[in-house]
Structures are given as structure tokens and as C-alpha cells.
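Colleague: Below is a structure I'd like to ask you about.
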Amino acid sequence: MKTRVTKILGIQYPIVQGGLAYLAYADLAAAVSNAGGLGQITAMSLKDPEKLRNEIRKIRTLTNKPFGVNFAIGRQYEESYADLLEVAIEEKVPVISITGANPTPIFERLKDENIRTLVLVANTRQAQKAEKLGADAVMAVGNEGGGHLGLDEVGTMVLIPRVVESVSIPVLASGGIGDARGFLAALSLGAEGIEMGTRFIATKECVHAGDVYKNAIIEANETDTVIIKKSLRSPGRVLRSDYTEQIIAREKAGETYEDLREVISGKANCSYIYEGNEKEGFGWAGQVIGLINDIPTVKELIDEIVTGAEKGNKRLNQMFD
């Protein structure tokens, strides 16, 4: 495939794996890159700069293809990311993606560095800011997506063409995409690639995700997610459970970030996604869970998306004959 995204990132298919807190490490990232997409390592979940350095060096033993390092710089991370960023620069990573808070400081540090940049956005204003800062592409996430979302609650079908028409740089579509149909739809909306998060969790190479989490994703339907942290102006979509329903109830009761800090923490997230402790944690997931019914290898998944999109495109072309 040839889009501006494949050219800029040096990849075969315009399919980017999301940052996936506490899950996106060398094993998964290398599998995605080897299958023709862009795999990513999550920096902020590693916390220790030397652990990030080791993970970057590990992925280079597993693939010779381009990969990225994701910096999720939201409020939940109190520690500075400066040291982690320095490691990524020192190790000359091909791509850095930025999600969460204001990306300006990262762009200032990356000036004159030969590193491609992607920014996750949820509206046209953020996309235009990312372009002004010098981003090579933006990843626009609709309200169907898992993990942290925008405040405007705009779905992918409307958001993508709006972002595409607001910037001149390439746009990757994210949110509700997990198969060939979503991929082809994203391209039809004007995107030049996709970013997927939830779908890559339910793969064999996502070795850090526990069986309880993976099975919940493939057994659930599209109505089995809820959004937490709305009252904190940091909404995120998670699997519906008694635990997450209690978080929402506490938000409605007026509890503050400090009140909720422990139950929405990374520790609580890991308790569920690693160990399956449904009463002590939560798992991020998008509405695309309604379309996920198996746990393939990453290569099987990406091959199916690409070949399925080719078949879908032929079907559409026949309609216009």
C-alpha cells in the first residue's frame, strides 16, 4: 500500500498499534512492525529510563523494521517524562507518538532531531495545533475508542473527515476500528491509515495481557463499555464491571480526583489486566469489542485486514460499474 503515512513512517501498511499502557512492550511492537505496520513501546508505563532503553534495544533484536515509542503524558503520571524522552532520543528511535496533555515541550526538545512524530487528537483544534508544532501526522480518535478520549464526544464517522479537512498533514483514524471493514471505511473518510488499540490486546503476541482480560474482550459486545473520569475532564472508555460502575457512582456523588486517585490508578489497571482481579481493577477497551471474536497472531490480524479491505474495495467498485 502507498499512502503518505507509509512513506513518512517507512512501513508497508498504514496500520499503527496504539500505546496501550502497561501492555505495549517489545514483543507486541516487534510483531506489529514485522507484519508491516508500526509497533510501539509504551514509555510512561516503564517509568525507569534504563528500562525503556532496554526495551528499545530488545525490540531491535526482534525486528529491523521501524517502530515507535509512545509518550502518554496525561495527569495520571506525576513523574517527569524528560529522562525517558532523552533515552528515546539517544537511542535514535524512528518515531515518537504523543498522547494526553500538551505536546509542545516534547516538540521543542525534538527540534532538529531526525525523529518522526505522531500526535493523538480528538478535535480539529488539537489537530491544527499539532500540525503547527510540526507533527508528521495526527491520529484522530473518535468517541468509540478505548482508553482516554476527547471531551466533545464526537464519533469516528464525523470526526475523521472534519480533521482531514482541517489540516494538510496525513490523518490516521482511531476509535471503533478492528477489522478490514473499519480500515476501508477510514480510508473512505479521507484518512491515510489507522491506529488500533483494543484489537491488538486480543492477539497472541500481547503477552502481558492476562487471559481474563483477553477473554472479556472477545466475549463482550459493543454495549459492554462505560466511560469513567468524565467529572475529572479526562474521560476514558473501559470494560463495564461492578468496579467501573462504582467509579461512575462515586463521580456522580461529587468525589474529587484525590478521592478517586487510588481506584483509577495504574496500579488498579494492572491488577485487572495482568492478574484478572475484577474486584480490584479495570481494563481499557473500546466499543470495537463487539467485533472481536478471536485471538489471532498479529500477522494473521494484519493480513486479514489488508486482504479483506482489498476484497471490500472490489465489491464497492462493482457497485459503480
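Following the order of the C-alpha cells, first chain is A, next is B, and so on, with residues numbered from 1 inside each chain and ligands from 1 in the order they appear.
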Run DSSP on the backbone of this structure and report the residues of segment 91-283 of chain A it assigns to helix (DSSP H, G or I), as a VMD selection string.
Modeller: chain A and resid 104 to 110 124 to 133 156 to 164 180 to 188 198 to 201 211 to 219 242 to 252 257 to 260 266 to 275
Colleague: Which residues in segment 89-258 of chain A does DSSP call strand (DSSP E or B)? List them as a PDB file with C-alpha atoms, in the first residue's frame.
Modeller:
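Once written, selection-v3.pdb looks like this:
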ATOM      1  CA  VAL A  95       9.022   7.508  15.650  1.00  0.00           C
ATOM      2  CA  ILE A  96       7.656   9.179  18.769  1.00  0.00           C
ATOM      3  CA  SER A  97       3.920   9.461  19.359  1.00  0.00           C
ATOM      4  CA  ILE A  98       2.351  11.746  21.937  1.00  0.00           C
ATOM      5  CA  THR A  99      -0.980  11.303  23.672  1.00  0.00           C
ATOM      6  CA  ARG A 116       9.030  11.276  13.021  1.00  0.00           C
ATOM      7  CA  THR A 117       6.165  12.465  15.241  1.00  0.00           C
ATOM      8  CA  LEU A 118       2.538  11.434  15.637  1.00  0.00           C
ATOM      9  CA  VAL A 119       0.016  13.178  17.903  1.00  0.00           C
ATOM     10  CA  LEU A 120      -3.287  11.749  19.118  1.00  0.00           C
ATOM     11  CA  VAL A 121      -6.088  14.304  18.783  1.00  0.00           C
ATOM     12  CA  ALA A 137       0.727  13.119  11.132  1.00  0.00           C
ATOM     13  CA  VAL A 138      -2.162  13.112  13.578  1.00  0.00           C
ATOM     14  CA  MET A 139      -4.177  10.189  14.910  1.00  0.00           C
ATOM     15  CA  ALA A 140      -7.794  11.277  15.362  1.00  0.00           C
ATOM     16  CA  VAL A 141      -9.692   9.210  17.931  1.00  0.00           C
ATOM     17  CA  GLY A 147      -8.742   4.470  26.793  1.00  0.00           C
ATOM     18  CA  HIS A 148      -8.656   8.247  27.031  1.00  0.00           C
ATOM     19  CA  VAL A 171      -4.565  11.690   9.353  1.00  0.00           C
ATOM     20  CA  LEU A 172      -4.830   8.231  10.881  1.00  0.00           C
ATOM     21  CA  ALA A 173      -8.268   7.162  12.058  1.00  0.00           C
ATOM     22  CA  SER A 174      -8.737   5.653  15.512  1.00  0.00           C
ATOM     23  CA  ILE A 194      -5.474   3.673  11.097  1.00  0.00           C
ATOM     24  CA  GLU A 195      -4.409   3.339  14.700  1.00  0.00           C
ATOM     25  CA  MET A 196      -5.771   0.390  16.688  1.00  0.00           C
ATOM     26  CA  THR A 225     -18.142  -0.471  27.937  1.00  0.00           C
ATOM     27  CA  VAL A 226     -18.594   2.663  30.019  1.00  0.00           C
ATOM     28  CA  ILE A 227     -16.747   5.950  30.311  1.00  0.00           C
ATOM     29  CA  ILE A 228     -15.067   6.816  33.605  1.00  0.00           C
ATOM     30  CA  GLY A 236     -11.708   7.134  29.277  1.00  0.00           C
ATOM     31  CA  ARG A 237     -13.610   4.111  27.964  1.00  0.00           C
ATOM     32  CA  VAL A 238     -13.312   0.873  29.940  1.00  0.00           C
ATOM     33  CA  LEU A 239     -14.939  -2.534  30.179  1.00  0.00           C
TER      34      LEU A 239
END
Colleague: Taking 6 positions as the minimum chain separation for residues in the same chain, which residues sit within 10 Å of Gly283 of chain A when counting only C-alpha atoms? Answer as a ChimeraX atom specification.
Modeller: /A:146-147,209,213-214,216-217,225,237-241,244,268-274,276
Colleague: If you count only C-alpha atoms, which residues fall within 7 Å of Ala26 of chain A, apart from same-chain ones fewer than 4 positions away, as a list of chain:residue names?
Modeller: A:Ala30, A:Ile41, A:Glu55, A:Lys58, A:Ile59
Colleague: Take the residues from that selection and write them out as a PDB file, in the first residue's frame, keeping N, CA, C and O atoms.
Modeller:
ATOM      1  N   ALA A  30       7.258  -5.436  18.128  1.00  0.00           N
ATOM      2  CA  ALA A  30       8.040  -6.077  17.071  1.00  0.00           C
ATOM      3  C   ALA A  30       7.143  -6.901  16.157  1.00  0.00           C
ATOM      4  O   ALA A  30       7.340  -6.926  14.933  1.00  0.00           O
ATOM      5  N   ILE A  41       6.272   0.959  21.622  1.00  0.00           N
ATOM      6  CA  ILE A  41       6.568   0.686  23.029  1.00  0.00           C
ATOM      7  C   ILE A  41       5.966   1.810  23.858  1.00  0.00           C
ATOM      8  O   ILE A  41       6.032   2.977  23.475  1.00  0.00           O
ATOM      9  N   GLU A  55      14.200  -1.906  26.670  1.00  0.00           N
ATOM     10  CA  GLU A  55      13.080  -2.331  25.826  1.00  0.00           C
ATOM     11  C   GLU A  55      13.329  -1.917  24.369  1.00  0.00           C
ATOM     12  O   GLU A  55      13.028  -2.675  23.433  1.00  0.00           O
ATOM     13  N   LYS A  58      15.851  -4.248  23.044  1.00  0.00           N
ATOM     14  CA  LYS A  58      15.253  -5.564  22.846  1.00  0.00           C
ATOM     15  C   LYS A  58      14.488  -5.620  21.524  1.00  0.00           C
ATOM     16  O   LYS A  58      14.609  -6.602  20.776  1.00  0.00           O
ATOM     17  N   ILE A  59      13.700  -4.578  21.242  1.00  0.00           N
ATOM     18  CA  ILE A  59      12.906  -4.620  20.010  1.00  0.00           C
ATOM     19  C   ILE A  59      13.818  -4.657  18.791  1.00  0.00           C
ATOM     20  O   ILE A  59      13.486  -5.269  17.778  1.00  0.00           O
TER      21      ILE A  59
END
Colleague: Skipping near chain neighbours, those fewer than 4 positions away, what residues fall within 8 Å of segment 18-22 of chain A using only C-alpha atoms, listed as a list in words?
Modeller: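 After dropping sequence-adjacent residues, the list is Gly39, Gln40, Ile41, Thr42, Met44, Ser45, Leu46, Val69, Asn70, Phe71, Ala72, Glu195, Met196, Gly197, His208 and Cys270 of chain A.
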Colleague: With distances taken over only C-alpha atoms, which residue among A:Glu113, A:Asp224, A:Asp48, A:Asp27 lies nearest Ala285 of chain A?
Modeller: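 Residue with the minimum atom-to-atom distance to Ala285 of chain A: A:Asp224.
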Colleague: At a cut-off of 8 Å, using only C-alpha atoms, what residues contact Lys299 of chain A? Leave out same-chain residues fewer than 2 positions from it and give the result as a ChimeraX atom specification.
Modeller: /A:31-32,34-35,297,301-303
Colleague: Would you put the residues from that selection into a file with C-alpha atoms, as a PDB file, in the first residue's frame?
Modeller:
ATOM      1  CA  ALA A  31       5.258  -8.377  15.919  1.00  0.00           C
ATOM      2  CA  VAL A  32       3.289  -5.422  14.536  1.00  0.00           C
ATOM      3  CA  ASN A  34       7.334  -7.332  11.343  1.00  0.00           C
ATOM      4  CA  ALA A  35       3.804  -7.758   9.982  1.00  0.00           C
ATOM      5  CA  THR A 297      -1.428 -13.717  15.791  1.00  0.00           C
ATOM      6  CA  LEU A 301      -4.759  -9.986  12.016  1.00  0.00           C
ATOM      7  CA  ILE A 302      -2.934  -7.512   9.779  1.00  0.00           C
ATOM      8  CA  ASP A 303      -3.019  -9.837   6.761  1.00  0.00           C
TER       9      ASP A 303
END
Colleague: Smallest atom-to-atom distance to Glu165 of chain A: which of A:Gly68, A:Gly150, A:Gly190, A:Gly145, using only C-alpha atoms?
Modeller: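 Looking at the shortest contact to Glu165 of chain A, the residue is A:Gly190.
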Colleague: Can you measure atom CA of Ala88 of chain A to atom CA of Arg199 of chain A for me? One decimal in Å is fine.
Modeller: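 Calculated distance between atom CA of Ala88 of chain A and atom CA of Arg199 of chain A is 26.0 Å.
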Colleague: Which residue out of A:Pro105, A:Gly178, A:Gly286, A:Pro14 has the minimum interatomic distance to Lys2 of chain A when only C-alpha atoms are used?
Modeller: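 Under the stated criterion, the closest residue is A:Pro14.
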